[in-house]
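Asker: Enclosed is the structure file query35.txt (compact mmCIF, C-alpha atoms).
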# COMPACT_ATOMS: atom_id res chain seq x y z
CA MET B 25 19.93 62.15 51.55
CA SER B 26 16.69 61.95 49.60
CA ASP B 27 18.50 60.55 46.55
CA LYS B 28 20.31 58.03 48.75
CA ASN B 29 17.05 56.86 50.33
CA GLU B 30 15.46 56.55 46.93
CA ARG B 31 18.37 54.45 45.65
CA MET B 32 18.15 52.20 48.70
CA MET B 33 14.41 51.80 48.23
CA ASN B 34 14.79 51.01 44.54
CA LYS B 35 17.43 48.40 45.39
CA PHE B 36 15.12 46.90 48.01
CA VAL B 37 12.24 46.76 45.56
CA GLU B 38 14.48 45.15 42.95
CA ILE B 39 15.62 42.42 45.36
CA ALA B 40 12.09 41.71 46.57
CA THR B 41 10.82 41.56 43.00
CA LYS B 42 13.52 39.04 42.11
CA ILE B 43 12.51 36.91 45.08
CA GLY B 44 8.86 37.09 44.07
CA ASN B 45 9.69 36.09 40.50
CA GLN B 46 12.00 33.22 41.49
CA VAL B 47 11.02 30.34 39.24
CA HIS B 48 10.21 27.82 41.97
CA LEU B 49 8.11 30.25 43.99
CA ARG B 50 6.34 31.45 40.85
CA SER B 51 5.62 27.86 39.84
CA LEU B 52 4.24 27.15 43.29
CA ARG B 53 1.88 30.13 43.06
CA ASP B 54 0.77 29.10 39.57
CA ALA B 55 0.06 25.56 40.74
CA PHE B 56 -1.99 26.68 43.74
CA ALA B 57 -3.94 29.12 41.58
CA THR B 58 -4.80 26.26 39.23
CA ILE B 59 -6.22 23.92 41.86
CA ILE B 60 -7.91 26.55 44.05
CA PRO B 61 -11.26 26.06 42.22
CA LEU B 62 -11.23 22.46 43.45
CA PHE B 63 -10.75 23.64 47.04
CA VAL B 64 -13.62 26.08 46.63
CA LEU B 65 -15.76 23.23 45.29
CA ALA B 66 -14.78 21.11 48.29
CA GLY B 67 -15.81 23.94 50.61
CA LEU B 68 -19.20 24.16 48.94
CA ALA B 69 -19.59 20.38 49.22
CA VAL B 70 -18.83 20.52 52.95
CA LEU B 71 -21.30 23.39 53.38
CA ILE B 72 -24.04 21.54 51.48
CA ASN B 73 -23.44 18.29 53.34
CA SER B 74 -23.27 19.82 56.80
CA VAL B 75 -25.63 22.81 56.58
CA VAL B 76 -28.04 22.47 53.65
CA PHE B 77 -28.82 18.74 53.55
CA PRO B 78 -29.65 18.50 57.30
CA TRP B 79 -32.40 21.07 56.70
CA ILE B 80 -33.93 18.91 53.98
CA PHE B 81 -33.24 15.26 54.86
CA SER B 82 -32.96 13.10 57.95
CA ASP B 83 -31.83 9.64 58.99
CA GLN B 84 -31.20 7.28 56.06
CA MET B 85 -32.08 9.86 53.41
CA LEU B 86 -29.55 12.28 54.89
CA GLU B 87 -26.85 9.61 54.89
CA THR B 88 -27.56 8.83 51.24
CA ALA B 89 -27.63 12.50 50.20
CA GLU B 90 -24.29 13.15 51.91
CA GLN B 91 -22.60 10.82 49.43
CA PHE B 92 -22.80 13.75 46.98
CA GLY B 93 -20.44 15.89 49.03
CA THR B 94 -18.33 12.96 50.20
CA SER B 95 -17.50 12.01 46.61
CA ILE B 96 -16.44 15.58 45.86
CA ILE B 97 -14.26 15.72 48.98
CA ARG B 98 -12.50 12.51 47.97
CA GLY B 99 -11.72 13.93 44.53
CA THR B 100 -10.50 17.29 45.87
CA LEU B 101 -9.30 17.56 49.48
CA ASN B 102 -8.47 13.89 49.89
CA SER B 103 -6.43 14.00 46.68
CA ALA B 104 -4.82 17.41 47.21
CA GLY B 105 -1.22 16.19 47.33
CA LEU B 106 -1.67 14.10 44.21
CA LEU B 107 -3.24 17.07 42.39
CA LEU B 108 -0.62 19.57 43.48
CA CYS B 109 2.43 17.46 42.56
CA PRO B 110 1.83 17.33 38.76
CA ALA B 111 0.56 20.91 38.69
CA ILE B 112 3.86 22.11 40.17
CA ALA B 113 5.82 19.89 37.78
CA TYR B 114 3.93 21.31 34.81
CA PHE B 115 4.41 24.96 35.71
CA LEU B 116 8.03 24.55 36.79
CA SER B 117 8.95 22.84 33.52
CA LYS B 118 6.98 25.44 31.56
CA ASN B 119 8.54 28.37 33.43
CA LYS B 120 12.02 26.90 32.80
CA GLY B 121 11.33 26.54 29.07
CA PHE B 122 11.15 22.75 29.00
CA SER B 123 9.68 21.59 25.69
CA ASN B 124 7.39 18.88 27.09
CA PRO B 125 5.74 20.11 30.33
CA ILE B 126 2.89 17.59 30.18
CA SER B 127 5.44 14.77 30.33
CA ALA B 128 6.97 16.38 33.40
CA ALA B 129 3.54 16.39 35.06
CA ILE B 130 2.90 12.73 34.25
CA ILE B 131 6.36 11.68 35.45
CA ALA B 132 5.80 13.64 38.66
CA ILE B 133 2.63 11.63 39.32
CA ALA B 134 4.47 8.36 38.71
CA THR B 135 7.30 9.48 41.00
CA TYR B 136 4.89 10.58 43.72
CA ILE B 137 3.14 7.20 43.76
CA THR B 138 6.51 5.41 43.56
CA MET B 139 7.47 7.03 46.85
CA MET B 140 4.42 5.70 48.70
CA PRO B 141 4.69 2.70 51.06
CA LEU B 142 4.07 -0.72 49.52
CA GLN B 143 2.06 -1.86 52.53
CA LEU B 144 -0.31 -0.01 54.85
CA MET B 145 -2.07 -0.61 58.11
CA ALA B 146 -5.84 -0.42 57.60
CA THR B 147 -8.81 -0.70 59.94
CA THR B 148 -11.67 -3.03 58.99
CA THR B 149 -15.34 -2.25 59.58
CA THR B 150 -15.13 -4.33 62.76
CA GLY B 151 -12.26 -2.21 64.11
CA GLU B 152 -9.51 -4.74 63.47
CA GLU B 153 -6.16 -3.45 62.18
CA VAL B 154 -4.73 -5.42 59.27
CA LEU B 155 -1.72 -5.07 56.98
CA VAL B 156 -2.77 -4.54 53.34
CA ASP B 157 -0.98 -4.01 50.06
CA ASN B 158 -1.91 -2.99 46.49
CA VAL B 159 -3.85 0.05 47.80
CA LEU B 160 -3.43 3.82 47.75
CA SER B 161 -4.42 5.61 50.95
CA PHE B 162 -6.02 9.04 51.08
CA ASN B 163 -3.63 9.67 53.99
CA ASN B 164 -0.80 9.67 51.44
CA LEU B 165 -2.74 11.49 48.71
CA GLY B 166 -4.57 14.24 50.54
CA THR B 167 -4.05 17.46 52.42
CA GLY B 168 -1.65 15.93 54.95
CA THR B 169 0.92 15.27 52.24
CA MET B 170 0.59 18.49 50.21
CA PHE B 171 4.10 19.58 51.15
CA ALA B 172 5.45 16.18 50.10
CA GLY B 173 3.70 16.71 46.77
CA ILE B 174 5.46 20.06 46.45
CA VAL B 175 8.91 18.64 47.23
CA ILE B 176 8.57 15.61 44.97
CA GLY B 177 7.05 17.67 42.14
CA LEU B 178 9.95 20.13 42.25
CA ALA B 179 12.70 17.52 42.70
CA ALA B 180 11.48 15.09 40.05
CA THR B 181 11.03 17.89 37.51
CA GLU B 182 14.45 19.40 38.15
CA LEU B 183 16.06 15.99 37.72
CA LEU B 184 14.09 15.29 34.53
CA ILE B 185 15.05 18.65 33.00
CA ALA B 186 18.70 18.20 33.97
CA LEU B 187 18.87 14.72 32.40
CA ASN B 188 17.09 15.88 29.28
CA LYS B 189 19.93 18.31 28.54
CA PHE B 190 22.19 15.39 27.62
CA ASP B 191 21.76 14.62 23.93
CA ILE B 192 23.07 11.11 24.46
CA LEU B 193 19.92 10.33 26.47
CA LYS B 194 17.54 11.48 23.73
CA ILE B 195 15.98 9.12 21.16
CA ASN B 196 15.53 10.91 17.84
CA LEU B 197 13.02 9.21 15.53
CA GLY B 198 13.43 11.71 12.72
CA GLU B 199 11.06 14.31 11.29
CA LYS B 200 8.46 11.97 9.78
CA VAL B 201 6.90 10.87 13.08
CA PRO B 202 4.15 12.90 14.79
CA PRO B 203 5.51 15.62 17.12
CA ALA B 204 3.84 14.10 20.20
CA VAL B 205 5.55 10.77 19.56
CA SER B 206 8.91 12.46 18.94
CA ARG B 207 8.69 14.46 22.21
CA SER B 208 7.70 11.32 24.08
CA PHE B 209 10.75 9.37 22.88
CA ASN B 210 13.04 12.37 23.52
CA VAL B 211 12.12 12.26 27.19
CA MET B 212 11.87 8.47 27.52
CA ILE B 213 15.32 7.68 28.94
CA PRO B 214 15.39 10.72 31.30
CA ALA B 215 11.93 9.66 32.51
CA ILE B 216 13.04 6.09 33.13
CA ILE B 217 16.11 7.26 35.03
CA THR B 218 14.10 9.78 37.11
CA VAL B 219 11.44 7.33 38.27
CA SER B 220 14.03 4.57 38.81
CA LEU B 221 16.24 6.79 40.98
CA PHE B 222 13.31 7.79 43.17
CA SER B 223 12.25 4.14 43.38
CA GLY B 224 15.77 3.25 44.51
CA LEU B 225 15.61 6.01 47.12
CA SER B 226 12.29 4.59 48.32
CA LEU B 227 13.84 1.13 48.69
CA LEU B 228 16.89 2.53 50.50
CA LEU B 229 14.71 4.39 53.01
CA MET B 230 12.67 1.27 53.65
CA ILE B 231 15.76 -0.87 54.25
CA THR B 232 17.69 1.61 56.39
CA LEU B 233 15.00 3.58 58.24
CA GLY B 234 11.89 1.48 57.80
CA THR B 235 9.96 4.42 56.37
CA ASP B 236 9.07 6.10 53.06
CA LEU B 237 10.00 9.49 51.63
CA ILE B 238 6.53 10.98 51.96
CA SER B 239 6.36 10.15 55.67
CA LEU B 240 9.89 11.45 56.11
CA ILE B 241 9.11 14.78 54.42
CA VAL B 242 5.94 15.20 56.48
CA THR B 243 7.71 14.41 59.77
CA ILE B 244 11.02 16.23 59.32
CA ILE B 245 10.14 19.20 57.08
CA GLN B 246 6.42 19.81 56.69
CA GLU B 247 5.17 19.68 60.26
CA PRO B 248 7.97 21.80 61.80
CA LEU B 249 7.51 24.47 59.11
CA ARG B 250 3.75 24.43 59.52
CA ALA B 251 4.07 24.59 63.30
CA VAL B 252 6.02 27.85 62.94
CA GLY B 253 4.10 29.37 60.02
CA THR B 254 0.64 28.67 61.43
CA SER B 255 1.38 29.40 65.09
CA LEU B 256 -0.16 32.68 66.18
CA VAL B 257 3.20 34.42 66.64
CA GLY B 258 4.76 33.00 63.47
CA TYR B 259 1.71 33.79 61.36
CA LEU B 260 1.41 37.35 62.67
CA PHE B 261 5.07 38.00 61.90
CA LEU B 262 4.93 36.63 58.35
CA TYR B 263 1.56 38.15 57.48
CA SER B 264 2.52 41.54 58.91
CA LEU B 265 5.81 41.45 57.03
CA GLY B 266 3.86 40.87 53.81
CA ASN B 267 1.59 43.82 54.59
CA LEU B 268 4.61 46.02 55.35
CA PHE B 269 6.08 45.08 51.99
CA PHE B 270 2.80 46.06 50.33
CA GLY B 271 3.03 49.43 52.06
CA LEU B 272 6.40 49.81 50.33
CA GLY B 273 4.93 48.98 46.93
CA ILE B 274 5.81 45.27 46.89
CA HIS B 275 2.83 42.94 46.65
CA GLN B 276 2.27 40.92 49.83
CA SER B 277 2.16 37.69 47.82
CA VAL B 278 5.99 37.78 47.86
CA ILE B 279 5.77 36.63 51.49
CA ASN B 280 2.29 35.14 51.84
CA GLY B 281 2.40 33.13 48.61
CA PRO B 282 5.30 30.80 49.43
CA PHE B 283 5.49 31.02 53.24
CA THR B 284 1.95 31.08 54.68
CA GLU B 285 -0.62 30.23 52.01
CA PRO B 286 0.37 26.56 51.44
CA PHE B 287 0.19 25.72 55.14
CA MET B 288 -2.91 27.83 55.82
CA THR B 289 -4.59 26.11 52.87
CA GLN B 290 -3.61 22.72 54.25
CA ASN B 291 -5.14 23.71 57.60
CA ILE B 292 -8.51 24.63 56.10
CA ASN B 293 -8.54 21.45 54.06
CA GLU B 294 -7.93 19.36 57.17
CA ASN B 295 -10.66 21.29 58.99
CA SER B 296 -13.07 20.62 56.13
CA VAL B 297 -12.38 16.90 56.21
CA ALA B 298 -12.80 16.77 60.00
CA PHE B 299 -16.03 18.78 59.82
CA ALA B 300 -17.43 16.50 57.13
CA GLU B 301 -16.59 13.44 59.24
CA GLY B 302 -18.02 14.93 62.44
CA ALA B 303 -14.59 14.91 64.13
CA ASP B 304 -12.94 17.62 66.26
CA ILE B 305 -11.77 20.60 64.19
CA PRO B 306 -7.96 20.79 64.59
CA HIS B 307 -6.97 24.31 63.49
CA ILE B 308 -7.93 27.91 64.28
CA LEU B 309 -5.62 29.64 61.79
CA THR B 310 -6.56 28.80 58.21
CA ILE B 311 -6.67 30.56 54.87
CA SER B 312 -10.42 31.10 55.37
CA PHE B 313 -9.78 32.56 58.84
CA GLN B 314 -7.45 35.05 57.17
CA THR B 315 -10.02 35.95 54.54
CA ALA B 316 -12.85 36.29 57.05
CA PHE B 317 -11.11 38.19 59.86
CA ALA B 318 -7.68 39.55 58.87
CA GLN B 319 -8.24 41.07 55.43
CA MET B 320 -11.81 42.32 55.20
CA GLY B 321 -11.82 44.58 52.19
CA GLY B 322 -8.43 43.26 51.14
CA THR B 323 -4.91 43.40 52.55
CA GLY B 324 -4.78 45.80 55.49
CA ALA B 325 -8.50 45.32 56.23
CA THR B 326 -9.18 48.46 54.21
CA ILE B 327 -12.98 48.13 54.22
CA SER B 328 -12.72 49.97 57.55
CA LEU B 329 -10.66 52.74 55.95
CA ILE B 330 -13.22 53.20 53.18
CA ILE B 331 -15.99 53.54 55.76
CA ALA B 332 -13.90 55.96 57.83
CA ILE B 333 -13.28 58.17 54.79
CA LEU B 334 -16.92 58.16 53.65
CA ILE B 335 -18.21 59.06 57.13
CA PHE B 336 -15.55 61.36 58.57
CA SER B 337 -13.29 62.73 55.83
CA LYS B 338 -13.93 66.11 54.23
CA VAL B 339 -11.03 65.87 51.79
CA LYS B 340 -12.54 65.71 48.32
CA ALA B 341 -9.71 63.65 46.81
CA TYR B 342 -9.97 61.02 49.55
CA ARG B 343 -13.75 60.79 49.24
CA GLN B 344 -13.48 60.36 45.48
CA ILE B 345 -10.95 57.54 45.91
CA ALA B 346 -13.14 55.92 48.58
CA ASN B 347 -16.20 56.07 46.32
CA LEU B 348 -14.26 54.48 43.48
CA SER B 349 -12.77 51.85 45.82
CA ALA B 350 -15.98 50.89 47.65
CA ALA B 351 -17.37 48.43 45.09
CA PRO B 352 -14.12 46.50 44.48
CA GLY B 353 -13.32 46.76 48.20
CA ILE B 354 -16.45 44.79 49.08
CA PHE B 355 -14.93 41.94 47.06
CA GLU B 356 -11.50 42.23 48.72
CA ILE B 357 -9.90 44.13 45.82
CA ASN B 358 -8.18 47.17 47.28
CA GLU B 359 -5.40 48.10 44.84
CA PRO B 360 -7.36 51.24 43.76
CA LEU B 361 -7.24 52.47 47.36
CA ILE B 362 -3.68 51.32 48.09
CA PHE B 363 -2.19 53.05 45.06
CA GLY B 364 -4.82 55.77 44.58
CA MET B 365 -5.00 57.32 48.03
CA PRO B 366 -2.13 56.27 48.29
CA ILE B 367 -1.30 54.01 51.22
CA VAL B 368 1.98 53.06 49.54
CA PHE B 369 4.88 55.13 50.97
CA ASN B 370 2.36 57.04 53.12
CA LEU B 371 3.72 56.51 56.64
CA PRO B 372 0.59 57.63 58.55
CA MET B 373 -1.48 55.05 56.62
CA ILE B 374 1.14 52.26 56.58
CA ILE B 375 0.99 52.07 60.39
CA PRO B 376 -2.71 51.05 60.67
CA PHE B 377 -2.43 49.10 57.41
CA VAL B 378 0.03 46.77 59.21
CA LEU B 379 -1.32 47.12 62.76
CA LEU B 380 -5.06 46.57 62.23
CA PRO B 381 -4.85 43.01 60.80
CA ILE B 382 -2.68 42.04 63.80
CA ILE B 383 -5.31 43.30 66.24
CA GLN B 384 -8.18 41.72 64.31
CA THR B 385 -6.37 38.38 64.07
CA ILE B 386 -5.64 38.29 67.81
CA ILE B 387 -9.23 39.14 68.73
CA ALA B 388 -10.70 36.60 66.30
CA TYR B 389 -8.21 33.97 67.42
CA LEU B 390 -9.07 34.45 71.10
CA ALA B 391 -12.80 34.46 70.34
CA THR B 392 -12.45 31.22 68.42
CA ALA B 393 -10.25 29.60 71.07
CA ALA B 394 -12.83 30.54 73.72
CA GLY B 395 -15.60 28.92 71.71
CA LEU B 396 -17.44 32.19 71.09
CA VAL B 397 -17.08 31.64 67.34
CA SER B 398 -16.84 28.36 65.44
CA LYS B 399 -13.60 27.43 63.72
CA THR B 400 -13.41 27.96 59.99
CA VAL B 401 -14.22 24.75 58.11
CA VAL B 402 -15.10 25.86 54.56
CA TYR B 403 -12.63 27.06 51.94
CA ILE B 404 -14.06 30.35 50.68
CA PRO B 405 -12.80 32.38 47.69
CA TRP B 406 -10.75 35.39 48.77
CA VAL B 407 -13.23 37.67 46.96
CA THR B 408 -16.08 36.68 49.31
CA PRO B 409 -17.53 39.90 50.85
CA PRO B 410 -17.18 40.55 54.60
CA VAL B 411 -20.02 39.43 56.91
CA ILE B 412 -21.04 36.81 54.34
CA SER B 413 -17.53 35.35 54.43
CA GLY B 414 -17.64 34.73 58.18
CA TRP B 415 -20.95 32.85 57.99
CA LEU B 416 -19.78 30.73 55.07
CA ALA B 417 -16.29 30.00 56.40
CA THR B 418 -17.57 28.72 59.74
CA GLY B 419 -20.20 26.47 58.20
CA GLY B 420 -23.13 28.74 59.01
CA ASP B 421 -22.21 30.30 62.39
CA TRP B 422 -23.99 33.69 62.61
CA ARG B 423 -21.70 34.72 65.46
CA ALA B 424 -18.80 34.93 63.01
CA SER B 425 -20.67 37.58 61.04
CA VAL B 426 -21.35 39.54 64.24
CA LEU B 427 -17.64 39.35 65.11
CA GLN B 428 -16.77 40.64 61.63
CA ILE B 429 -19.06 43.65 62.10
CA ILE B 430 -17.40 44.40 65.44
CA LEU B 431 -13.93 44.10 63.90
CA ILE B 432 -14.87 46.38 61.01
CA ALA B 433 -16.15 49.00 63.46
CA LEU B 434 -12.96 48.65 65.51
CA GLY B 435 -11.00 49.11 62.29
CA VAL B 436 -12.79 52.39 61.59
CA ILE B 437 -11.78 53.64 65.05
CA ILE B 438 -8.15 52.57 64.53
CA TYR B 439 -7.85 54.03 61.03
CA LEU B 440 -9.53 57.35 61.92
CA PRO B 441 -6.70 59.16 63.77
CA PHE B 442 -4.16 58.12 61.15
CA LEU B 443 -6.56 59.26 58.43
CA LYS B 444 -6.72 62.69 60.07
CA ILE B 445 -2.92 62.85 60.25
CA SER B 446 -2.71 61.90 56.57
CA GLU B 447 -5.18 64.66 55.72
CA ARG B 448 -3.05 67.22 57.53
CA VAL B 449 0.06 65.99 55.74
CA LEU B 450 -1.78 66.30 52.43
CA MET B 451 -2.90 69.85 53.25
CA ARG B 452 0.61 70.83 54.36
CA GLN B 453 2.08 69.47 51.13
CA ALA B 454 -0.46 71.49 49.14
CA GLU B 455 0.49 74.66 51.06
CA LEU B 456 4.20 74.10 50.41
CA GLU B 457 3.53 73.62 46.70
CA GLN B 458 1.60 76.90 46.63
CA ASP B 459 4.46 78.71 48.34
CA LEU B 460 6.79 77.48 45.61
Would it be possible to restate this file's structure as structure tokens?

Answerer:
Amino acid sequence: MSDKNERMMNKFVEIATKIGNQVHLRSLRDAFATIIPLFVLAGLAVLINSVVFPWIFSDQMLETAEQFGTSIIRGTLNSAGLLLCPAIAYFLSKNKGFSNPISAAIIAIATYITMMPLQLMATTTTGEEVLVDNVLSFNNLGTGTMFAGIVIGLAATELLIALNKFDILKINLGEKVPPAVSRSFNVMIPAIITVSLFSGLSLLLMITLGTDLISLIVTIIQEPLRAVGTSLVGYLFLYSLGNLFFGLGIHQSVINGPFTEPFMTQNINENSVAFAEGADIPHILTISFQTAFAQMGGTGATISLIIAILIFSKVKAYRQIANLSAAPGIFEINEPLIFGMPIVFNLPMIIPFVLLPIIQTIIAYLATAAGLVSKTVVYIPWVTPPVISGWLATGGDWRASVLQIILIALGVIIYLPFLKISERVLMRQAELEQDL
């Protein structure tokens, strides 16, 4: 039976690993990792504009100083879809072995802009709505169209790579021309066909449905998926499933990377824009909410486990692991604890590892919905230490830090009985080994 269970587990791990390494999902993770520094910069700009500058300036001087952060927001959050589209195209083409990934990125940008509406409704400074053309709107470039950027980046790149496999479509200039020129001409006809086909699709949608592809993707695909993935129930299911996988030795990014992170990132970006503009904050669940309240110390909120071990455990091996894990754990890095204790395949520890983030998320969600804590409005790096992360993520709300301290203490209480069970299991295993 033990051998059968081990074979089943190995098969499960193999399948999950294949899913995690699927080229499109891997390209999506690579693209998000590339542009995350820009989101962090945008978060700092929002924090400076809304928290720091009001301490220093007032009236006209404050309005002038805020242009610093506003310019950064326009180049980061308000351009998120446009930034993500070529990044995905680049990594997808690179991961599929395409010889000219930079061309794929450039063609993806052209395709993305091709799919935008030719005319837009705009509001003048006097409040009048007018129809304008020859403009690009941040509404079609920014966080609201990130999923459209993903879809177009993937689709345009796949089409380009497929067309480039036909030798008849390649223009060979010989060996005496510079390599960059040769690669450019090799991809010229596939590029022309790719952009032209998407332009034709754009025209067809306008004639038949009176809309554009970006709006269609946002309405039919993006918003329904985000409604499920960032609802409290949907998020708890997906995030908990990722944590359960981690307890079985499969990194939680297999689930969180493709299914929750893009939408949670979009939510924090929209919150940041609204906060910077002084508008109502739309979302409670964001990627910064997760960092601040659901994974203090890393996946499984293991900062509480480290504290529980250091205060209550008398098992030397556990205390040594906790001492080694404390410093990285403060910065949300908990692999030493997960694999060193271990939590992986340790049933008594897997239970609170999955359960605690659910409880913390529900409490933080209810506290935020009740107005006891401000909504998260600043994109913070996932390595931001607890207590500090709450203050930063909420734009300087000290109550968020207090809530984090309460949740950490609650986590110690929840982890403690399971820690004691794990200690007994460890001692029993040691006794059985001695008997042998």

Asker: Provide the CA of Thr235 in chain B to CA of Ala134 in chain B distance in Å, to one decimal place.

Answerer: 18.9 Å

Asker: Considering all atoms listed in the file, state which residue in the set B:Pro376, B:Gly99, B:Gly173, B:Gly121 is at the smallest distance from Phe56 in chain B.

Answerer: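 Counting all atoms listed in the file, the residue closest to Phe56 in chain B is B:Gly173.
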
Asker: In Å, rounded to a single decimal, give me how far CA of Asn370 in chain B is from CA of Gln319 in chain B.

Answerer: 19.3 Å

Asker: Could you tell me which of B:Ile133, B:Ala186, B:Ile438, B:Leu396 comes closest to Ser103 in chain B if we count all atoms listed in the file?

Answerer: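 Smallest distance to Ser103 in chain B is found for B:Ile133.
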
Asker: Kindly extract all protein, DNA and RNA residues lying within 12 Å of the coordinates (19.9, 20.2, 30.7) given in the file, considering all atoms listed in the file, and supply them as a PyMOL selection string.

Answerer: chain B and resi 117+120-123+181-194+211+214

Asker: Point out the residue among B:Ile130, B:Ser425, B:Phe269, B:Tyr136 with the least atom-to-atom distance to Ala215 in chain B, counting only C-alpha atoms.

Answerer: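 Of B:Ile130, B:Ser425, B:Phe269, B:Tyr136, the one nearest Ala215 in chain B is B:Ile130, counting only C-alpha atoms.
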
Asker: How far is it from CA of Tyr389 in chain B to CA of Leu249 in chain B, in Å with one decimal?

Answerer: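 That distance, rounded to one decimal, is 20.2 Å.
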
Asker: Which of these, B:Ile292, B:Ile445, B:Ile308, B:Val257, has the shortest distance to Ala394 in chain B once you count all atoms listed in the file?

Answerer: B:Ile308

Asker: Tell me which protein, DNA and RNA residues are within 10 Å of Leu106 in chain B, counting all atoms listed in the file, leaving out same-chain ones fewer than 6 positions away, and put them as a ChimeraX atom specification.

Answerer: /B:100,132-133,136-137,162,164-167,169-170,172-174,177
